[in-house]
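Coordinates from work.cif are shown below (mmCIF, C-alpha atoms).
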```
data_target
loop_
_atom_site.label_atom_id
_atom_site.label_comp_id
_atom_site.auth_asym_id
_atom_site.auth_seq_id
_atom_site.Cartn_x
_atom_site.Cartn_y
_atom_site.Cartn_z
CA ARG A 1424 29.25 -23.16 -1.95
CA CYS A 1425 28.68 -25.69 0.80
CA LEU A 1426 25.43 -23.95 1.86
CA ARG A 1427 22.40 -24.38 -0.35
CA PRO A 1428 20.87 -20.93 -0.95
CA ASP A 1429 17.44 -22.46 -1.50
CA ARG A 1430 17.50 -24.00 2.01
CA VAL A 1431 19.20 -21.31 4.11
CA VAL A 1432 16.10 -19.20 4.83
CA ALA A 1433 14.03 -22.21 5.87
CA ALA A 1434 16.85 -23.56 8.05
CA VAL A 1435 17.41 -20.22 9.80
CA THR A 1436 13.67 -19.86 10.35
CA ASP A 1437 13.53 -23.33 11.92
CA PHE A 1438 16.55 -22.56 14.11
CA VAL A 1439 15.11 -19.25 15.37
CA ALA A 1440 11.74 -20.89 16.08
CA ALA A 1441 13.41 -23.72 18.02
CA GLU A 1442 15.80 -21.53 20.01
CA LEU A 1443 13.80 -18.32 20.56
CA GLY A 1444 10.23 -19.34 19.90
CA LYS A 1445 7.66 -19.08 17.12
CA TYR A 1446 6.88 -15.50 18.16
CA TYR A 1447 10.04 -14.38 16.33
CA VAL A 1448 9.27 -16.05 13.02
CA GLU A 1449 5.51 -15.66 12.65
CA PRO A 1450 4.31 -12.38 11.17
CA PRO A 1451 2.13 -10.32 13.49
CA PRO A 1452 -1.57 -10.24 12.65
CA PHE A 1453 -2.40 -7.43 10.27
CA ASN A 1454 -4.39 -4.63 11.88
CA LEU A 1455 -5.85 -2.27 9.29
CA GLU A 1456 -7.39 -0.06 11.98
CA ALA A 1457 -4.00 0.54 13.62
CA CYS A 1458 -2.38 1.30 10.26
CA PHE A 1459 -5.12 3.77 9.44
CA ASN A 1460 -4.83 5.46 12.84
CA ASP A 1461 -1.10 6.00 12.20
CA SER A 1462 -1.73 7.43 8.73
CA SER A 1463 -2.23 10.95 7.48
CA ASN A 1464 -3.58 12.67 4.39
CA THR A 1465 -0.04 13.30 3.15
CA SER A 1466 1.42 9.77 3.13
CA PRO A 1467 0.04 6.90 1.07
CA LEU A 1468 -0.71 3.57 2.71
CA ILE A 1469 0.92 0.75 0.75
CA PHE A 1470 0.00 -2.92 0.48
CA VAL A 1471 2.95 -4.96 -0.81
CA LEU A 1472 1.28 -7.90 -2.50
CA SER A 1473 2.18 -11.57 -2.39
CA PRO A 1474 1.05 -13.90 -5.19
CA GLY A 1475 -2.69 -14.52 -5.01
CA GLN A 1476 -3.27 -11.81 -2.42
CA ASP A 1477 -5.97 -9.17 -2.87
CA PRO A 1478 -6.57 -6.75 0.04
CA MET A 1479 -9.49 -4.97 -1.66
CA THR A 1480 -12.26 -6.92 0.07
CA GLU A 1481 -10.88 -6.14 3.51
CA LEU A 1482 -10.15 -2.53 2.56
CA LEU A 1483 -13.67 -1.94 1.22
CA ARG A 1484 -15.17 -3.50 4.34
CA PHE A 1485 -12.98 -1.23 6.46
CA ALA A 1486 -14.03 1.79 4.36
CA ASP A 1487 -17.67 0.97 5.10
CA THR A 1488 -17.03 0.86 8.84
CA ARG A 1489 -15.30 4.25 8.69
CA GLY A 1490 -18.08 5.87 6.63
CA PHE A 1491 -16.13 5.83 3.37
CA GLY A 1492 -18.09 3.18 1.51
CA GLY A 1493 -19.69 3.55 -1.89
CA LYS A 1494 -18.76 6.70 -3.79
CA ARG A 1495 -16.41 7.92 -1.05
CA THR A 1496 -13.83 5.32 -2.10
CA ALA A 1497 -12.60 5.36 -5.70
CA ALA A 1498 -10.51 2.44 -6.97
CA ILE A 1499 -8.67 1.91 -10.22
CA SER A 1500 -6.41 -0.86 -11.42
CA LEU A 1501 -3.37 0.70 -13.02
CA GLY A 1502 -2.22 -0.36 -16.43
CA GLN A 1503 -1.74 1.11 -19.86
CA GLY A 1504 -3.50 4.47 -20.20
CA GLN A 1505 -4.81 4.58 -16.61
CA GLY A 1506 -2.36 7.23 -15.36
CA PRO A 1507 -4.44 10.32 -16.27
CA ILE A 1508 -7.57 8.77 -14.73
CA ALA A 1509 -5.63 7.98 -11.54
CA ARG A 1510 -4.34 11.56 -11.39
CA ARG A 1511 -7.89 12.88 -11.73
CA LEU A 1512 -9.16 10.56 -8.98
CA ILE A 1513 -6.38 11.72 -6.65
CA THR A 1514 -7.13 15.39 -7.35
CA GLU A 1515 -10.86 14.87 -6.74
CA GLY A 1516 -10.18 12.81 -3.62
CA MET A 1517 -7.91 15.49 -2.17
CA ARG A 1518 -10.60 18.10 -2.71
CA ALA A 1519 -13.60 16.04 -1.54
CA GLY A 1520 -11.91 14.18 1.30
CA SER A 1521 -12.45 10.72 -0.13
CA TRP A 1522 -10.23 7.66 -0.37
CA VAL A 1523 -8.42 6.66 -3.57
CA VAL A 1524 -7.10 3.15 -4.16
CA LEU A 1525 -4.54 2.62 -6.92
CA GLN A 1526 -4.23 -1.11 -7.48
CA ASN A 1527 -1.36 -2.95 -9.15
CA CYS A 1528 1.09 -0.06 -9.29
CA HIS A 1529 3.76 -2.51 -10.47
CA LEU A 1530 1.93 -2.81 -13.81
CA CYS A 1531 2.27 0.88 -14.63
CA THR A 1532 6.01 1.44 -14.34
CA SER A 1533 6.06 4.37 -16.75
CA TRP A 1534 3.66 6.31 -14.49
CA MET A 1535 5.60 5.74 -11.25
CA PRO A 1536 7.66 8.97 -11.57
CA THR A 1537 4.37 10.90 -11.88
CA LEU A 1538 2.98 9.15 -8.80
CA GLU A 1539 6.17 10.02 -6.93
CA LYS A 1540 5.77 13.70 -7.87
CA ILE A 1541 2.10 13.68 -6.80
CA CYS A 1542 3.03 12.18 -3.44
CA GLU A 1543 5.80 14.73 -2.92
CA GLU A 1544 3.28 17.52 -3.48
CA LEU A 1545 0.81 16.18 -0.89
CA THR A 1546 0.62 18.74 1.91
CA PRO A 1547 -1.81 19.04 4.81
CA ASP A 1548 -3.12 22.29 3.32
CA ALA A 1549 -3.60 20.86 -0.18
CA ALA A 1550 -5.59 17.79 0.85
CA SER A 1551 -8.69 17.37 2.97
CA PRO A 1552 -7.94 15.80 6.37
CA ASP A 1553 -10.16 12.83 5.39
CA PHE A 1554 -8.25 12.11 2.16
CA ARG A 1555 -6.27 8.86 2.02
CA LEU A 1556 -4.28 7.37 -0.84
CA TRP A 1557 -4.02 3.58 -0.76
CA LEU A 1558 -1.59 1.79 -3.10
CA THR A 1559 -1.16 -1.89 -3.90
CA SER A 1560 1.91 -3.23 -5.65
CA ALA A 1561 3.84 -6.43 -6.05
CA PRO A 1562 7.52 -5.99 -5.21
CA SER A 1563 9.04 -3.97 -8.04
CA THR A 1564 12.31 -2.19 -8.69
CA HIS A 1565 10.30 0.56 -10.42
CA PHE A 1566 8.24 1.49 -7.35
CA PRO A 1567 9.45 4.88 -6.04
CA VAL A 1568 11.66 4.49 -2.98
CA SER A 1569 10.63 7.91 -1.64
CA ILE A 1570 7.02 6.74 -1.32
CA LEU A 1571 8.14 3.66 0.60
CA GLN A 1572 10.29 5.77 2.90
CA ASN A 1573 7.35 8.03 3.76
#
```

Using the file provided, produce a representation of the structure as structure tokens.
Amino acid sequence: RCLRPDRVVAAVTDFVAAELGKYYVEPPPFNLEACFNDSSNTSPLIFVLSPGQDPMTELLRFADTRGFGGKRTAAISLGQGQGPIARRLITEGMRAGSWVVLQNCHLCTSWMPTLEKICEELTPDAASPDFRLWLTSAPSTHFPVSILQN
């Protein structure tokens, strides 16, 4: 009770920066190219969102540089009733070798078990080598742990 929980993280961060250097407390620069190069057609790439953050502009720019601009990248913001459309986009993307972006997964908690099942069924034989599934979500207890572990 003598430590203030609201100040502990900031104090530890300051201590580590002072004793070990800022390198250990500053996040590394985000490299979308490196993430993509480590990815495969069987594991989704996940953006965990912070308030006010929207990675879509950078992702669409990256898609253009990789030849996946325009109709080769399908995006949908999840919410009520969007699950069947998302499933269709994933199925079409797997067949055609396009990219599918499911935004705001945290808003469609009832569809998360279906997404988990879809991701479990992704196999190299079932999906085109060019297929990628991109997900964005705010931190949520309803987001499937198995997807995060992959």

### Point-to-point distance from CA of Cys1542 in chain A to CA of Leu1558 in chain A, Å rounded to tenths
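Atom-to-atom, CA of Cys1542 in chain A and CA of Leu1558 in chain A are spaced 11.4 Å apart.
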
### Query
Using all atoms listed in the file, which of A:Ile1469, A:Leu1482, A:Leu1530, A:Ala1519 sits nearest Trp1557 in chain A?
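That would be A:Ile1469, the residue with the smallest distance to Trp1557 in chain A.
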
## Note on the structure
With distances taken over all atoms listed in the file, the candidate from A:Thr1564, A:Ile1541, A:Val1523, A:Arg1511 nearest Leu1468 in chain A is A:Val1523

### Task
Using all atoms listed in the file, pick whichever of A:Phe1438, A:Phe1485, A:His1529, A:Pro1547 has the shortest atom-to-atom distance to Ala1457 in chain A.
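Closest to Ala1457 in chain A, using all atoms listed in the file: A:Phe1485.
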
### Task
Kindly resolve the PyMOL selection byres ((chain A and resi 1516) around 10) on the present coordinates and return the residues as a ChimeraX atom specification.
/A:1495-1497,1510-1515,1517-1523,1550-1551,1553-1556

### Message
What's the separation between CA of Thr1465 in chain A and CA of Gly1506 in chain A, in Å to one decimal place?
### Response
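Here the two named atoms are 19.6 Å from each other.
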
### Message
Let me make sure I understand: among A:Asp1477, A:Asp1429, A:Asp1461, A:Asp1487, which one has the smallest atom-to-atom distance to Gln1526 in chain A if we use all atoms listed in the file?
### Response
A:Asp1477

### Message
Measuring between all atoms listed in the file, which one of A:Ala1486, A:Glu1456, A:Leu1525, A:Pro1450 shows the shortest distance to Gln1505 in chain A?
### Response
A:Leu1525

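Distance-wise, CA of Pro1507 in chain A and CA of Glu1539 in chain A end up 14.1 Å apart.
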
### Query
Residues picked by the PyMOL selection byres ((chain A and resi 1533) around 12) here, as a list in words?
Leu1501, Gly1502, Gln1503, Gly1504, Gln1505, Gly1506, Cys1528, His1529, Leu1530, Cys1531, Thr1532, Trp1534, Met1535, Pro1536, Thr1537, Leu1538, Glu1539, His1565, Phe1566 and Pro1567 of chain A

Contacts of range 1439-1490 of chain A with range 1559-1562 of chain A up to 7 Å, shortest pair per row, only C-alpha atoms, as JSON lines:
```
{"residue": "A:Ile1469", "atom": "CA", "partner": "A:Thr1559", "partner_atom": "CA", "distance": 5.7}
{"residue": "A:Phe1470", "atom": "CA", "partner": "A:Thr1559", "partner_atom": "CA", "distance": 4.6}
{"residue": "A:Val1471", "atom": "CA", "partner": "A:Ser1560", "partner_atom": "CA", "distance": 5.2}
{"residue": "A:Leu1472", "atom": "CA", "partner": "A:Ala1561", "partner_atom": "CA", "distance": 4.6}
{"residue": "A:Ser1473", "atom": "CA", "partner": "A:Ala1561", "partner_atom": "CA", "distance": 6.5}
```

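With all atoms listed in the file as the atoms that count, the minimum distance from Lys1540 in chain A to the choices A:Pro1451, A:Ser1569, A:Pro1474, A:Ser1463 is reached by A:Ser1569.
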
### Message
With only C-alpha atoms as the counted atoms, please give the residues lying no more than 12 Å from Val1435 in chain A, apart from itself and same-chain residues fewer than 6 positions off, as a PyMOL selection string.
### Response
chain A and resi 1426+1428-1429+1441-1443+1447-1448

Selection export as a PDB file, keeping the file's coordinate frame, atoms kept: C-alpha atoms:
```pdb
ATOM      1  CA  LEU A1426      25.430 -23.950   1.860  1.00  0.00           C
ATOM      2  CA  PRO A1428      20.870 -20.930  -0.950  1.00  0.00           C
ATOM      3  CA  ASP A1429      17.440 -22.460  -1.500  1.00  0.00           C
ATOM      4  CA  ALA A1441      13.410 -23.720  18.020  1.00  0.00           C
ATOM      5  CA  GLU A1442      15.800 -21.530  20.010  1.00  0.00           C
ATOM      6  CA  LEU A1443      13.800 -18.320  20.560  1.00  0.00           C
ATOM      7  CA  TYR A1447      10.040 -14.380  16.330  1.00  0.00           C
ATOM      8  CA  VAL A1448       9.270 -16.050  13.020  1.00  0.00           C
TER       9      VAL A1448
END
```
